[in-house]
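Just below is one structure, and these are the notes that go with it.
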There are 2 protein chains.
Amino acid sequence: MTGTEQRHIVKSYEQELDQLRDLLARMGGLVEAQTSHAVNAMLFRDAGDAAAAMEGDAAVDALEREIEQLAIRLLALRSPLAQDLRGIVAALKISGDLERIGDYAANVAKRSMRIEAVNPAMASGGMRSLARLVQESLKLAVDAVNNNDASIALEVWRADRAVDDLYTAMFRELITYMMEDPRSITASTHMLFIAKNLERIGDHATNIAERVHYAVTGDMLPAERPRGQTPVRDGE
Amino acid sequence: MTGTEQRHIVKSYEQELDQLRDLLARMGGLVEAQTSHAVNAMLFRDAGDAAAAMEGDAAVDALEREIEQLAIRLLALRSPLAQDLRGIVAALKISGDLERIGDYAANVAKRSMRIEAVNPAMASGGMRSLARLVQESLKLAVDAVNNNDASIALEVWRADRAVDDLYTAMFRELITYMMEDPRSITASTHMLFIAKNLERIGDHATNIAERVHYAVTGDMLPAERPRGQTPVRDGE
């Protein structure tokens, strides 16, 4: 191999690594926007936001496939080592988490528009707090991906615990609405699933922060997150 | 490098690929057992089955980490190509799907034991059919992984559609129970989430079958599965 060929390969490797980071950043940005549209669809019953959240899904799915194919190309053409290799594997896993978040956001938007009457839970303080906190966690996680920042994992962990508590409170609130007014049952079950979807988005944001931590440091965080013993908590 | 060293490396590469397949098969078997325990916990309110489904989670999570670390080692030590490479990437993605299925199964078991009174939906024909069909899909998907069988993807796709229809019917049935008897609301919301979790297990089984298809053939299946246009269907 001549020096020129070698430089060419080295350069295209770096370019492809950059391209992978870029695709992941784009996917993160799209999913953040989708989630923000979904939350607006819920809080303000905005049909435009709902449509935007739902339409975002196709682009997010396409990016997941593109990331997988680029990762496979990178792994096939080069033997990336240590942090590069962990970064590529993390990109594969993180794109899976982002794809799930996009699905949950689309589902929140779709359910929000299916609720005919305004449900008291829709813009309740609890739901607003839950939505805001989940959006913050997602933003932190996406920033961690973009900046290769391992230190954010602990912050997202703490937020995850608060998200769980807010979700549990919403669950109880919604059960109460249903019991007090059986006519609200259909809308309230949609709200239950919306709250659950938001909680799941927070959970996937936590996964992402954990994966960045591992990709950067090479150390896996303990399996148990600092919260309850099991994935279902009281009231869930 | 001497001939002996080379043979040694070649052998350990094959051994490590076998080990990866073995870990994935073990993970698939555990998750199938977890799901089966969870379904028994729901249908027969069996505390032993519920405990088994919940306790299975730790081993499943540990296997996901082990698979990731072995995959990284394989990618770092060798430059696997074509089908081997796609197989390793598929193992990373499939272990993520299996881990989610394990979580859903544990959640089904936990919710089943939290329901104090027998709920009419618990052992209804619809719930039994849903559970049976999801278990069949999961079995097909795990078999596809173990046998590297691309042909099963289409079969699992068809089952996924039937799972969606059964889930939608259960959703309506449960809303009706809640409206007819508000005392059943708490139990029925748990049943709603149980039905949803089962539907999600079916969905992840479909993901797995699609990934095996891609790993074996190198062809990605179309993004749209043969079902409704969007991930939320009527009644969901």
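The way I read the labels, and the way they are meant: chains A, B, ... in the order of the structure tokens, residue 1 as the first residue of every chain, and ligand 1 as the first ligand shown, with later ones counted on from there.
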
Go through chain A and flag each residue having an atom no more than 6 Å from chain B; for those, report the closest pair of atoms plus their distance in Å to one decimal, using only C-alpha atoms, ordered by chain and rising number, as CSV.
```
residue,atom,partner,partner_atom,distance
A:Ala76,CA,B:Leu81,CA,5.7
A:Ser79,CA,B:Ser79,CA,5.7
A:Leu81,CA,B:Ala76,CA,5.7
A:Met179,CA,B:Pro182,CA,5.8
A:Pro182,CA,B:Met179,CA,5.8
```

**OP:** Output as an MDAnalysis selection string all residues of region 24-228 of chain A that backbone DSSP marks as alpha helix (DSSP H).
**Re:** chainID A and resid 24:44 47:77 82:114 125:147 152:180 185:217

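Distance annotation: of A:Ser95, A:Val39, A:Glu155, A:Asp219, the residue with the minimal separation from Leu130 (chain A) is A:Val39; atom set is only C-alpha atoms.
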
Excluding Arg21 (chain A) and its own-chain neighbours fewer than 6 positions away, which residues fall within 9 Å of it when counting only C-alpha atoms? Please give them as a PDB file with N, CA and C atoms, in the first residue's frame.
```pdb
ATOM      1  N   ALA A  91     -23.248   3.681  19.319  1.00  0.00           N
ATOM      2  CA  ALA A  91     -24.117   4.316  18.317  1.00  0.00           C
ATOM      3  C   ALA A  91     -25.224   3.357  17.887  1.00  0.00           C
ATOM      4  N   VAL A 145     -24.500  12.546  24.263  1.00  0.00           N
ATOM      5  CA  VAL A 145     -24.100  11.861  23.028  1.00  0.00           C
ATOM      6  C   VAL A 145     -23.253  12.804  22.170  1.00  0.00           C
ATOM      7  N   ASN A 146     -23.770  14.012  21.976  1.00  0.00           N
ATOM      8  CA  ASN A 146     -23.096  14.939  21.052  1.00  0.00           C
ATOM      9  C   ASN A 146     -21.731  15.384  21.568  1.00  0.00           C
TER      10      ASN A 146
END
```

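As for CA of His213 (chain B) and CA of Ile67 (chain A), they are spaced 18.0 Å apart.
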